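Novice: Got entry32.cif for you, mmCIF, C-alpha atoms:
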```
data_query
#
loop_
_atom_site.group_PDB
_atom_site.id
_atom_site.type_symbol
_atom_site.label_atom_id
_atom_site.label_comp_id
_atom_site.auth_asym_id
_atom_site.auth_seq_id
_atom_site.Cartn_x
_atom_site.Cartn_y
_atom_site.Cartn_z
ATOM 1 C CA PRO A 214 15.208 109.885 -4.686
ATOM 2 C CA GLU A 215 17.445 110.043 -1.657
ATOM 3 C CA ASN A 216 16.987 106.335 -0.989
ATOM 4 C CA ALA A 217 17.850 103.392 -3.201
ATOM 5 C CA ASN A 218 14.192 102.289 -3.285
ATOM 6 C CA PRO A 219 11.974 104.951 -4.964
ATOM 7 C CA GLN A 220 8.876 103.304 -3.462
ATOM 8 C CA THR A 221 9.885 104.698 -0.093
ATOM 9 C CA ALA A 222 9.959 108.301 -1.379
ATOM 10 C CA PRO A 223 6.901 110.613 -1.209
ATOM 11 C CA ARG A 224 4.822 110.669 -4.405
ATOM 12 C CA VAL A 225 1.493 111.796 -5.834
ATOM 13 C CA THR A 226 -0.811 109.988 -8.250
ATOM 14 C CA LEU A 227 -3.074 112.396 -10.143
ATOM 15 C CA THR A 228 -6.438 111.255 -11.506
ATOM 16 C CA GLY A 229 -8.732 113.172 -13.798
ATOM 17 C CA LEU A 230 -10.005 113.637 -17.322
ATOM 18 C CA ALA A 231 -7.512 114.132 -20.156
ATOM 19 C CA GLU A 232 -8.565 115.648 -23.462
ATOM 20 C CA PRO A 233 -6.656 117.010 -26.459
ATOM 21 C CA VAL A 234 -6.126 120.781 -26.567
ATOM 22 C CA PRO A 235 -8.394 122.319 -29.264
ATOM 23 C CA GLU A 236 -6.499 123.375 -32.403
ATOM 24 C CA ALA A 237 -7.115 127.071 -31.678
ATOM 25 C CA GLY A 238 -5.119 126.848 -28.441
ATOM 26 C CA VAL A 239 -2.222 124.769 -29.755
ATOM 27 C CA PRO A 240 0.140 127.532 -31.015
ATOM 28 C CA VAL A 241 0.310 129.413 -27.708
ATOM 29 C CA LEU A 242 0.523 126.299 -25.531
ATOM 30 C CA LYS A 243 3.023 124.637 -27.848
ATOM 31 C CA ALA A 244 5.297 127.698 -27.607
ATOM 32 C CA ARG A 245 5.045 127.571 -23.803
ATOM 33 C CA TRP A 246 5.796 123.844 -23.830
ATOM 34 C CA LEU A 247 8.853 124.271 -26.047
ATOM 35 C CA ALA A 248 10.156 127.170 -23.937
ATOM 36 C CA ARG A 249 10.076 124.891 -20.896
ATOM 37 C CA HIS A 250 11.143 121.694 -22.709
ATOM 38 C CA PRO A 251 13.395 122.768 -25.617
ATOM 39 C CA TYR A 252 14.502 119.165 -26.274
ATOM 40 C CA ALA A 253 10.915 118.473 -27.438
ATOM 41 C CA ALA A 254 11.518 120.565 -30.572
ATOM 42 C CA LEU A 255 12.948 117.389 -32.137
ATOM 43 C CA TYR A 256 9.500 115.775 -32.238
ATOM 44 C CA ALA A 257 6.956 118.571 -31.628
ATOM 45 C CA ASP A 258 6.142 118.816 -35.343
ATOM 46 C CA PHE A 259 5.583 115.090 -35.865
ATOM 47 C CA GLY A 260 2.083 114.209 -37.066
ATOM 48 C CA ASP A 261 1.300 112.205 -33.938
ATOM 49 C CA PHE A 262 2.409 114.928 -31.484
ATOM 50 C CA CYS A 263 -0.530 116.329 -29.553
ATOM 51 C CA LEU A 264 -0.959 118.529 -26.493
ATOM 52 C CA TRP A 265 -3.376 117.331 -23.835
ATOM 53 C CA ARG A 266 -5.007 119.134 -20.939
ATOM 54 C CA VAL A 267 -5.706 117.209 -17.745
ATOM 55 C CA LYS A 268 -8.587 118.365 -15.572
ATOM 56 C CA ALA A 269 -7.635 117.065 -12.155
ATOM 57 C CA GLY A 270 -10.295 115.105 -10.336
ATOM 58 C CA GLY A 271 -8.300 114.063 -7.310
ATOM 59 C CA ALA A 272 -4.998 112.733 -6.144
ATOM 60 C CA LEU A 273 -3.440 110.222 -3.830
ATOM 61 C CA LEU A 274 -0.487 111.447 -1.765
ATOM 62 C CA VAL A 275 1.788 108.726 -0.459
ATOM 63 C CA GLY A 276 4.136 110.259 2.077
ATOM 64 C CA GLY A 277 5.852 107.015 3.006
ATOM 65 C CA PHE A 278 5.034 103.664 4.514
ATOM 66 C CA ALA A 279 1.419 103.642 5.819
ATOM 67 C CA ARG A 280 1.025 107.398 5.140
ATOM 68 C CA ALA A 281 -1.420 107.771 2.235
ATOM 69 C CA HIS A 282 -4.025 110.507 1.884
ATOM 70 C CA ARG A 283 -6.669 111.201 -0.761
ATOM 71 C CA LEU A 284 -6.681 114.803 -2.006
ATOM 72 C CA LYS A 285 -9.570 116.585 -3.714
#
```
In structure tokens, what does this structure look like?

Specialist:
Amino acid sequence: PENANPQTAPRVTLTGLAEPVPEAGVPVLKARWLARHPYAALYADFGDFCLWRVKAGGALLVGGFARAHRLK
């Protein structure tokens, strides 16, 4: 953030339904994830590592003090 207080910076809160990616889709999505986040290779093969897909239901955009808008 440009300011010392991050609560004054614009931000978005996303709401929706999260569900694990089915096993059939994991290899392709995991490769994409690791290409974008190579540091994750350290833990991507741990037994508790799982990819999730979020189906967005809406969002709240806070553009600053007294400037909040619901997004669909």

Novice: Expanded to explicit residues, what is the PyMOL selection byres ((chain A and resi 281) around 12) for this file, as a ChimeraX atom specification?

Specialist: /A:221-226,272-280,282-284

Novice: Save out the residues we just selected, C-alpha atoms, as a PDB file, in the frame of the given file.

Specialist:
```pdb
ATOM      1  CA  THR A 221       9.885 104.698  -0.093  1.00  0.00           C
ATOM      2  CA  ALA A 222       9.959 108.301  -1.379  1.00  0.00           C
ATOM      3  CA  PRO A 223       6.901 110.613  -1.209  1.00  0.00           C
ATOM      4  CA  ARG A 224       4.822 110.669  -4.405  1.00  0.00           C
ATOM      5  CA  VAL A 225       1.493 111.796  -5.834  1.00  0.00           C
ATOM      6  CA  THR A 226      -0.811 109.988  -8.250  1.00  0.00           C
ATOM      7  CA  ALA A 272      -4.998 112.733  -6.144  1.00  0.00           C
ATOM      8  CA  LEU A 273      -3.440 110.222  -3.830  1.00  0.00           C
ATOM      9  CA  LEU A 274      -0.487 111.447  -1.765  1.00  0.00           C
ATOM     10  CA  VAL A 275       1.788 108.726  -0.459  1.00  0.00           C
ATOM     11  CA  GLY A 276       4.136 110.259   2.077  1.00  0.00           C
ATOM     12  CA  GLY A 277       5.852 107.015   3.006  1.00  0.00           C
ATOM     13  CA  PHE A 278       5.034 103.664   4.514  1.00  0.00           C
ATOM     14  CA  ALA A 279       1.419 103.642   5.819  1.00  0.00           C
ATOM     15  CA  ARG A 280       1.025 107.398   5.140  1.00  0.00           C
ATOM     16  CA  HIS A 282      -4.025 110.507   1.884  1.00  0.00           C
ATOM     17  CA  ARG A 283      -6.669 111.201  -0.761  1.00  0.00           C
ATOM     18  CA  LEU A 284      -6.681 114.803  -2.006  1.00  0.00           C
TER      19      LEU A 284
END
```

Novice: Rank nothing, just name the residue among A:Asp258, A:Lys285, A:Leu230, A:Asn218 nearest to Gly271 in chain A, using all atoms listed in the file.

Specialist: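 Going through A:Asp258, A:Lys285, A:Leu230, A:Asn218 one by one, the smallest distance to Gly271 in chain A is for A:Lys285.
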
Novice: List the residues matched by the PyMOL selection byres ((chain A and resi 264) around 10) in the displayed structure as a list in words, ordered by chain and then by residue number.

Specialist: Glu232, Pro233, Val234, Pro235, Glu236, Gly238, Val239, Leu242, Lys243, Trp246, Ala257, Phe262, Cys263, Trp265 and Arg266 of chain A

Novice: Would you mind reading off the distance between CA of Ala244 in chain A and CA of Tyr256 in chain A, one decimal, in Å?

Specialist: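 Here the two named atoms are 13.5 Å from each other.
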
Novice: Mind pulling up the distance from CA of Arg249 in chain A to CA of Ala217 in chain A?

Specialist: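 Separation of CA of Ala217 in chain A and CA of Arg249 in chain A: 28.9 Å.
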